[in-house]
Amino acid sequence: MNKPDTNILRILYIGNELEIFQILKNNTDRFEVIEARNGLDAVAIYKKNKDIQGIISEEILPGMNGIDVGVMLRSKHIPDTLPYIVVHNEVSDKLFAQALRNKIDDFYTPPINIDDIYSRLNFLCTFKKINPDTSKDTYKEDRIYHVPIIKRLFDIFVSGFALLFLSPILLFFAIAIRIESKGKVYYTSKRVGTGYKIFDFYKLRSMYSGADAKLKELEHLNKYSEKKASDKKEKKGNFECPRCAKLPEGEYCSPILSTSNGQICEYWMMELKKQKSSSTFIKIKDDPRVTKIGKIIRNTSIDELPQLINVLKGDMSIVGNRPLPLYEAEQLTSDDWSARFLGPAGITGLWQVELRGKKGEMSEYERKDLDNQYARNFSILGDFKLIFRTIPALFQKDSV
């Protein structure tokens with residue numbers, strides 16, 4: 001068993017009716033609890049205690065409920081980077097969905113595990129760039145991956161040479177993109193990489209400018225919308241996990257949670273969360289938003305070449321785990337999955353080449369597991385092998 005983290009978190013707790021309040025107060029080796037009775041009280045206390053590292057609020061409060069208090073605090077008084085968690089005395093799918101819509105970091109219902117809350121707050125503090133222990137640097141330092149010098153030198157040499165060698169191709173397609181459609185020839189998105197580092201991720205633009213504004217018009221073509229429509233036809237409350245169904249009776253693929261509809265494993269709960277989330281995944285076959293040049297650079301992975309700049313800057317490595325979009329990274333809260341961030345972020349990695357071997361068929365669980373394998377076992381020799389195996393995979397149509 002891993003030795004528990006002894007870092008003490010200074011939290012503001014709003015309310016005092018639930019048993020979890022006393023449990024938090026009694027765990028003095030992990031929590032320093034400051035009590036607030038309601039939202040207005042919380043505002044006054046926070047103004048005097050700006051070093052608070054997280055807020056936990058009961059859902060049922062005098063006046064505004066816990067979710068509304070979170071919205072009010074975020075809009076006027078606290079930074080978006082401060083973790084905000086709501087706890088409730090009973091399971092409510094409606095409140096859970098409301099919490100997601102209002103960007104509450106998490107919503108806990110019975111049975112509430114104090115270890116889970118402690119781990120979640122520690123994760124959010126790291127992910128949101130808050131150092132929970134301002135008196136020393138050990139907390140943050142323990143969780144940041146350091147690139148070996150030989151790997152960093154290799155990255156600089158390869159990315160620098162590749163950019164120089166491929167510059168005519170990049171210049172040609174940059175001009176072609178600009179001629180075909182208005183707008184920047186590249187675009188950036190926020191990604192989470194090594195040690196939870198958030199950085200600008202570069203790609204050549206493959207869609208028309210203003211593509212996001214056209215999403216509502218194309219909703220009927222979205223594969224994920226089709227899946228949601230078919231899911232609604234299934235029996236409500238069907239929480240059977242397809243992975244657990246393959247295991248012997250009484251065994252589960254991940255820890256078991258309790259809900260109003262019965263028991264459900266953690267993995268399948270996360271899958272259901274994604275379906276309920278207001279952040280919709282988009283995947284459209286023959287997407288009309290993609291330009292003609294965009295189809296070419298996507299099918300040949302040329303749109304990925306600007307990531308060599310990320311490598312040269314030190315945001316990424318040539319070989320490593322793919323940096324995740326913010327919404328995906330924030331969902332990986334358990335030690336089992338967040339371990340991937342303790343390894344290098346890269347352009348290509350283990351699951352990309354394994355994906356080709358499986359003819360493009362690989363579950364999200366398998367991808368995460370391969371990310372963890374690489375983070376634990378990577379080596380320079382292994383990186384060379386993956387690079388050579390990546391060459392044929394560059395011409396796959398699907399990329400991330």
# chains A, B, ... in the order shown; residues from 1 in each chain; ligands from 1
call {"tool": "residues_around", "arguments": {"residues": "Arg376 (chain A)", "least_positions_apart": "6", "cutoff": "10 Å", "atoms": "only C-alpha atoms", "output": "list in words"}}
result
Ala339, Arg340, Leu342, Gly343 and Leu370 of chain A
call {"tool": "write_last_selection", "arguments": {"atoms": "C-alpha atoms", "output": "mmCIF file, in the first residue's frame"}}
result
data_model
loop_
_atom_site.group_PDB
_atom_site.id
_atom_site.type_symbol
_atom_site.label_atom_id
_atom_site.label_comp_id
_atom_site.auth_asym_id
_atom_site.auth_seq_id
_atom_site.Cartn_x
_atom_site.Cartn_y
_atom_site.Cartn_z
ATOM 1 C CA ALA A 339 -0.094 8.396 -13.424
ATOM 2 C CA ARG A 340 0.122 9.040 -17.175
ATOM 3 C CA LEU A 342 4.126 11.673 -14.581
ATOM 4 C CA GLY A 343 5.682 10.600 -17.883
ATOM 5 C CA LEU A 370 -0.882 1.943 -22.451
#
call {"tool": "closest_atom_pairs", "arguments": {"of": "region 8-34 of chain A", "to": "region 75-92 of chain A", "cutoff": "12 Å", "atoms": "only C-alpha atoms", "output": "CSV"}}
result
residue,atom,partner,partner_atom,distance
A:Leu9,CA,A:Pro83,CA,11.6
A:Arg10,CA,A:Pro83,CA,11.6
A:Ile11,CA,A:Pro83,CA,9.6
A:Leu12,CA,A:Tyr84,CA,9.6
A:Tyr13,CA,A:Ile85,CA,9.6
A:Ile14,CA,A:Val86,CA,9.3
A:Gly15,CA,A:Val87,CA,10.1
A:Asn16,CA,A:Val87,CA,11.3
A:Glu17,CA,A:Asn89,CA,9.5
A:Leu18,CA,A:Asn89,CA,7.1
A:Glu19,CA,A:Asn89,CA,9.2
A:Ile20,CA,A:Val87,CA,8.5
A:Phe21,CA,A:Val87,CA,9.9
call {"tool": "write_last_selection", "arguments": {"atoms": "N, CA and C atoms", "output": "short mmCIF file (atom, residue, chain, number, x, y, z; two decimals), in the first residue's frame"}}
result
data_model
loop_
_atom_site.label_atom_id
_atom_site.label_comp_id
_atom_site.auth_asym_id
_atom_site.auth_seq_id
_atom_site.Cartn_x
_atom_site.Cartn_y
_atom_site.Cartn_z
N LEU A 9 -4.28 20.27 3.68
CA LEU A 9 -5.01 21.19 2.80
C LEU A 9 -5.86 22.13 3.64
N ARG A 10 -5.78 23.41 3.33
CA ARG A 10 -6.57 24.42 4.05
C ARG A 10 -7.85 24.66 3.24
N ILE A 11 -8.98 24.22 3.78
CA ILE A 11 -10.24 24.30 3.03
C ILE A 11 -11.28 25.13 3.76
N LEU A 12 -12.18 25.71 2.98
CA LEU A 12 -13.33 26.41 3.50
C LEU A 12 -14.53 25.49 3.34
N TYR A 13 -15.21 25.18 4.44
CA TYR A 13 -16.38 24.30 4.40
C TYR A 13 -17.63 25.13 4.66
N ILE A 14 -18.59 25.07 3.72
CA ILE A 14 -19.82 25.85 3.84
C ILE A 14 -20.94 24.93 4.30
N GLY A 15 -21.48 25.20 5.50
CA GLY A 15 -22.51 24.36 6.10
C GLY A 15 -21.95 23.59 7.28
N ASN A 16 -22.81 22.89 8.01
CA ASN A 16 -22.33 22.06 9.11
C ASN A 16 -23.33 20.96 9.48
N GLU A 17 -24.20 20.62 8.56
CA GLU A 17 -25.26 19.66 8.86
C GLU A 17 -24.86 18.21 8.59
N LEU A 18 -23.99 17.98 7.61
CA LEU A 18 -23.67 16.62 7.22
C LEU A 18 -22.53 16.04 8.06
N GLU A 19 -22.53 14.73 8.17
CA GLU A 19 -21.52 14.03 8.96
C GLU A 19 -20.11 14.26 8.41
N ILE A 20 -20.02 14.49 7.10
CA ILE A 20 -18.72 14.68 6.46
C ILE A 20 -17.99 15.87 7.06
N PHE A 21 -18.74 16.87 7.56
CA PHE A 21 -18.12 18.06 8.16
C PHE A 21 -17.27 17.68 9.37
#
call {"tool": "atom_distance", "arguments": {"atom1": "CA of Ile56 (chain A)", "atom2": "CA of Phe123 (chain A)"}}
result
14.7 Å
call {"tool": "residues_around", "arguments": {"residues": "Asp315 (chain A)", "least_positions_apart": "6", "cutoff": "12 Å", "atoms": "only C-alpha atoms", "output": "ChimeraX atom specification"}}
result
/A:145-147,152,155-156,190-202,307-309,322-323,344-347
call {"tool": "write_last_selection", "arguments": {"atoms": "N, CA and C atoms", "output": "PDB file, in the first residue's frame"}}
result
ATOM      1  N   TYR A 145       7.422  15.612 -13.728  1.00  0.00           N
ATOM      2  CA  TYR A 145       8.370  14.747 -14.418  1.00  0.00           C
ATOM      3  C   TYR A 145       9.521  15.588 -14.976  1.00  0.00           C
ATOM      4  N   HIS A 146      10.737  15.104 -14.814  1.00  0.00           N
ATOM      5  CA  HIS A 146      11.907  15.790 -15.355  1.00  0.00           C
ATOM      6  C   HIS A 146      12.465  14.987 -16.531  1.00  0.00           C
ATOM      7  N   VAL A 147      12.581  15.637 -17.689  1.00  0.00           N
ATOM      8  CA  VAL A 147      13.065  14.960 -18.890  1.00  0.00           C
ATOM      9  C   VAL A 147      14.561  14.682 -18.752  1.00  0.00           C
ATOM     10  N   ARG A 152      16.130  15.006 -23.817  1.00  0.00           N
ATOM     11  CA  ARG A 152      15.898  16.397 -24.200  1.00  0.00           C
ATOM     12  C   ARG A 152      16.812  16.800 -25.355  1.00  0.00           C
ATOM     13  N   ASP A 155      15.423  15.337 -28.444  1.00  0.00           N
ATOM     14  CA  ASP A 155      14.237  16.079 -28.890  1.00  0.00           C
ATOM     15  C   ASP A 155      14.628  17.367 -29.619  1.00  0.00           C
ATOM     16  N   ILE A 156      15.588  18.089 -29.067  1.00  0.00           N
ATOM     17  CA  ILE A 156      16.026  19.347 -29.686  1.00  0.00           C
ATOM     18  C   ILE A 156      16.634  19.084 -31.058  1.00  0.00           C
ATOM     19  N   LYS A 190      -5.613  24.496 -25.859  1.00  0.00           N
ATOM     20  CA  LYS A 190      -4.957  24.244 -24.580  1.00  0.00           C
ATOM     21  C   LYS A 190      -4.900  22.742 -24.326  1.00  0.00           C
ATOM     22  N   ARG A 191      -3.728  22.242 -23.997  1.00  0.00           N
ATOM     23  CA  ARG A 191      -3.541  20.835 -23.681  1.00  0.00           C
ATOM     24  C   ARG A 191      -2.812  20.682 -22.348  1.00  0.00           C
ATOM     25  N   VAL A 192      -2.981  19.518 -21.733  1.00  0.00           N
ATOM     26  CA  VAL A 192      -2.313  19.209 -20.475  1.00  0.00           C
ATOM     27  C   VAL A 192      -1.274  18.139 -20.736  1.00  0.00           C
ATOM     28  N   GLY A 193      -0.021  18.433 -20.410  1.00  0.00           N
ATOM     29  CA  GLY A 193       1.058  17.497 -20.701  1.00  0.00           C
ATOM     30  C   GLY A 193       1.794  17.049 -19.461  1.00  0.00           C
ATOM     31  N   THR A 194       3.094  16.996 -19.570  1.00  0.00           N
ATOM     32  CA  THR A 194       3.959  16.488 -18.506  1.00  0.00           C
ATOM     33  C   THR A 194       3.754  17.231 -17.184  1.00  0.00           C
ATOM     34  N   GLY A 195       3.517  16.477 -16.099  1.00  0.00           N
ATOM     35  CA  GLY A 195       3.354  17.085 -14.783  1.00  0.00           C
ATOM     36  C   GLY A 195       2.228  18.094 -14.716  1.00  0.00           C
ATOM     37  N   TYR A 196       1.152  17.850 -15.506  1.00  0.00           N
ATOM     38  CA  TYR A 196      -0.031  18.713 -15.556  1.00  0.00           C
ATOM     39  C   TYR A 196       0.266  20.098 -16.140  1.00  0.00           C
ATOM     40  N   LYS A 197       1.339  20.218 -16.901  1.00  0.00           N
ATOM     41  CA  LYS A 197       1.666  21.507 -17.520  1.00  0.00           C
ATOM     42  C   LYS A 197       0.648  21.821 -18.605  1.00  0.00           C
ATOM     43  N   ILE A 198       0.061  23.015 -18.558  1.00  0.00           N
ATOM     44  CA  ILE A 198      -0.905  23.452 -19.563  1.00  0.00           C
ATOM     45  C   ILE A 198      -0.177  24.339 -20.570  1.00  0.00           C
ATOM     46  N   PHE A 199      -0.330  24.026 -21.860  1.00  0.00           N
ATOM     47  CA  PHE A 199       0.390  24.787 -22.881  1.00  0.00           C
ATOM     48  C   PHE A 199      -0.442  24.906 -24.156  1.00  0.00           C
ATOM     49  N   ASP A 200      -0.017  25.794 -25.057  1.00  0.00           N
ATOM     50  CA  ASP A 200      -0.668  25.968 -26.359  1.00  0.00           C
ATOM     51  C   ASP A 200      -0.170  24.895 -27.319  1.00  0.00           C
ATOM     52  N   PHE A 201      -1.100  24.129 -27.850  1.00  0.00           N
ATOM     53  CA  PHE A 201      -0.818  22.984 -28.719  1.00  0.00           C
ATOM     54  C   PHE A 201      -1.060  23.430 -30.160  1.00  0.00           C
ATOM     55  N   TYR A 202      -0.048  23.295 -31.027  1.00  0.00           N
ATOM     56  CA  TYR A 202      -0.122  23.847 -32.379  1.00  0.00           C
ATOM     57  C   TYR A 202      -0.510  22.812 -33.431  1.00  0.00           C
ATOM     58  N   GLN A 307       3.614  20.685 -34.227  1.00  0.00           N
ATOM     59  CA  GLN A 307       3.913  20.232 -32.869  1.00  0.00           C
ATOM     60  C   GLN A 307       5.412  20.052 -32.649  1.00  0.00           C
ATOM     61  N   LEU A 308       6.176  20.033 -33.728  1.00  0.00           N
ATOM     62  CA  LEU A 308       7.627  20.025 -33.603  1.00  0.00           C
ATOM     63  C   LEU A 308       8.108  21.298 -32.901  1.00  0.00           C
ATOM     64  N   ILE A 309       7.342  22.380 -33.071  1.00  0.00           N
ATOM     65  CA  ILE A 309       7.658  23.624 -32.365  1.00  0.00           C
ATOM     66  C   ILE A 309       7.440  23.427 -30.867  1.00  0.00           C
ATOM     67  N   ARG A 322       0.210  11.311 -25.480  1.00  0.00           N
ATOM     68  CA  ARG A 322      -0.421  12.463 -26.110  1.00  0.00           C
ATOM     69  C   ARG A 322      -0.973  13.417 -25.054  1.00  0.00           C
ATOM     70  N   PRO A 323      -0.674  14.727 -25.160  1.00  0.00           N
ATOM     71  CA  PRO A 323      -1.240  15.694 -24.216  1.00  0.00           C
ATOM     72  C   PRO A 323      -2.748  15.773 -24.410  1.00  0.00           C
ATOM     73  N   PRO A 344       6.574  11.653 -19.903  1.00  0.00           N
ATOM     74  CA  PRO A 344       6.675  12.723 -20.895  1.00  0.00           C
ATOM     75  C   PRO A 344       5.468  12.781 -21.816  1.00  0.00           C
ATOM     76  N   ALA A 345       5.094  13.990 -22.230  1.00  0.00           N
ATOM     77  CA  ALA A 345       4.079  14.174 -23.265  1.00  0.00           C
ATOM     78  C   ALA A 345       4.781  14.134 -24.613  1.00  0.00           C
ATOM     79  N   GLY A 346       4.124  13.588 -25.641  1.00  0.00           N
ATOM     80  CA  GLY A 346       4.823  13.452 -26.913  1.00  0.00           C
ATOM     81  C   GLY A 346       3.932  13.497 -28.137  1.00  0.00           C
ATOM     82  N   ILE A 347       4.586  13.569 -29.295  1.00  0.00           N
ATOM     83  CA  ILE A 347       3.879  13.563 -30.576  1.00  0.00           C
ATOM     84  C   ILE A 347       3.344  12.174 -30.886  1.00  0.00           C
TER      85      ILE A 347
END
call {"tool": "atom_distance", "arguments": {"atom1": "CA of Ile55 (chain A)", "atom2": "CA of Leu121 (chain A)"}}
result
9.2 Å
call {"tool": "atom_distance", "arguments": {"atom1": "CA of Asp383 (chain A)", "atom2": "CA of Ser159 (chain A)"}}
result
14.5 Å
call {"tool": "select_by_dssp", "arguments": {"residues": "region 147-196 of chain A", "states": "strand (DSSP E)", "output": "list in words"}}
result
Tyr186, Tyr187, Thr188, Ser189, Lys190, Arg191 and Val192 of chain A
call {"tool": "write_last_selection", "arguments": {"atoms": "N, CA and C atoms", "output": "mmCIF file, in the first residue's frame"}}
result
data_model
loop_
_atom_site.group_PDB
_atom_site.id
_atom_site.type_symbol
_atom_site.label_atom_id
_atom_site.label_comp_id
_atom_site.auth_asym_id
_atom_site.auth_seq_id
_atom_site.Cartn_x
_atom_site.Cartn_y
_atom_site.Cartn_z
ATOM 1 N N TYR A 186 -2.782 28.467 -38.858
ATOM 2 C CA TYR A 186 -2.616 27.506 -37.769
ATOM 3 C C TYR A 186 -3.658 27.804 -36.697
ATOM 4 N N TYR A 187 -3.832 26.880 -35.766
ATOM 5 C CA TYR A 187 -4.672 27.174 -34.617
ATOM 6 C C TYR A 187 -4.039 26.544 -33.384
ATOM 7 N N THR A 188 -4.401 27.067 -32.238
ATOM 8 C CA THR A 188 -3.871 26.540 -30.979
ATOM 9 C C THR A 188 -5.020 26.099 -30.085
ATOM 10 N N SER A 189 -4.760 25.100 -29.282
ATOM 11 C CA SER A 189 -5.730 24.664 -28.278
ATOM 12 C C SER A 189 -4.949 24.379 -26.997
ATOM 13 N N LYS A 190 -5.613 24.496 -25.859
ATOM 14 C CA LYS A 190 -4.957 24.244 -24.580
ATOM 15 C C LYS A 190 -4.900 22.742 -24.326
ATOM 16 N N ARG A 191 -3.728 22.242 -23.997
ATOM 17 C CA ARG A 191 -3.541 20.835 -23.681
ATOM 18 C C ARG A 191 -2.812 20.682 -22.348
ATOM 19 N N VAL A 192 -2.981 19.518 -21.733
ATOM 20 C CA VAL A 192 -2.313 19.209 -20.475
ATOM 21 C C VAL A 192 -1.274 18.139 -20.736
#
call {"tool": "closest_residue", "arguments": {"among": "A:Val319, A:Ala36, A:Ile8, A:Leu350", "to": "Asn372 (chain A)", "atoms": "only C-alpha atoms"}}
result
A:Leu350
call {"tool": "residues_around", "arguments": {"residues": "Val158 (chain A)", "least_positions_apart": "2", "cutoff": "10 Å", "atoms": "only C-alpha atoms", "output": "PyMOL selection string"}}
result
chain A and resi 152-156+160-164+308+311-312+317-318
call {"tool": "write_last_selection", "arguments": {"atoms": "N, CA and C atoms", "output": "mmCIF file, in the first residue's frame"}}
result
data_model
loop_
_atom_site.group_PDB
_atom_site.id
_atom_site.type_symbol
_atom_site.label_atom_id
_atom_site.label_comp_id
_atom_site.auth_asym_id
_atom_site.auth_seq_id
_atom_site.Cartn_x
_atom_site.Cartn_y
_atom_site.Cartn_z
ATOM 1 N N ARG A 152 16.130 15.006 -23.817
ATOM 2 C CA ARG A 152 15.898 16.397 -24.200
ATOM 3 C C ARG A 152 16.812 16.800 -25.355
ATOM 4 N N LEU A 153 18.071 16.390 -25.302
ATOM 5 C CA LEU A 153 19.001 16.696 -26.403
ATOM 6 C C LEU A 153 18.525 16.045 -27.696
ATOM 7 N N PHE A 154 18.048 14.803 -27.579
ATOM 8 C CA PHE A 154 17.516 14.104 -28.752
ATOM 9 C C PHE A 154 16.311 14.865 -29.323
ATOM 10 N N ASP A 155 15.423 15.337 -28.444
ATOM 11 C CA ASP A 155 14.237 16.079 -28.890
ATOM 12 C C ASP A 155 14.628 17.367 -29.619
ATOM 13 N N ILE A 156 15.588 18.089 -29.067
ATOM 14 C CA ILE A 156 16.026 19.347 -29.686
ATOM 15 C C ILE A 156 16.634 19.084 -31.058
ATOM 16 N N GLY A 160 14.539 20.210 -34.320
ATOM 17 C CA GLY A 160 15.208 21.284 -35.057
ATOM 18 C C GLY A 160 15.531 20.877 -36.479
ATOM 19 N N PHE A 161 16.084 19.664 -36.638
ATOM 20 C CA PHE A 161 16.411 19.172 -37.970
ATOM 21 C C PHE A 161 15.149 18.967 -38.801
ATOM 22 N N ALA A 162 14.106 18.393 -38.179
ATOM 23 C CA ALA A 162 12.861 18.126 -38.899
ATOM 24 C C ALA A 162 12.201 19.420 -39.367
ATOM 25 N N LEU A 163 12.200 20.439 -38.503
ATOM 26 C CA LEU A 163 11.607 21.723 -38.902
ATOM 27 C C LEU A 163 12.365 22.353 -40.067
ATOM 28 N N LEU A 164 13.685 22.255 -40.025
ATOM 29 C CA LEU A 164 14.499 22.796 -41.109
ATOM 30 C C LEU A 164 14.248 22.032 -42.411
ATOM 31 N N LEU A 308 6.176 20.033 -33.728
ATOM 32 C CA LEU A 308 7.627 20.025 -33.603
ATOM 33 C C LEU A 308 8.108 21.298 -32.901
ATOM 34 N N VAL A 311 7.815 20.663 -29.318
ATOM 35 C CA VAL A 311 8.938 19.847 -28.862
ATOM 36 C C VAL A 311 10.168 20.726 -28.652
ATOM 37 N N LEU A 312 10.434 21.608 -29.604
ATOM 38 C CA LEU A 312 11.597 22.492 -29.516
ATOM 39 C C LEU A 312 11.489 23.408 -28.296
ATOM 40 N N SER A 317 7.700 16.017 -26.028
ATOM 41 C CA SER A 317 8.836 15.244 -26.492
ATOM 42 C C SER A 317 8.452 14.604 -27.824
ATOM 43 N N ILE A 318 9.428 14.067 -28.548
ATOM 44 C CA ILE A 318 9.095 13.356 -29.785
ATOM 45 C C ILE A 318 8.239 12.134 -29.450
#
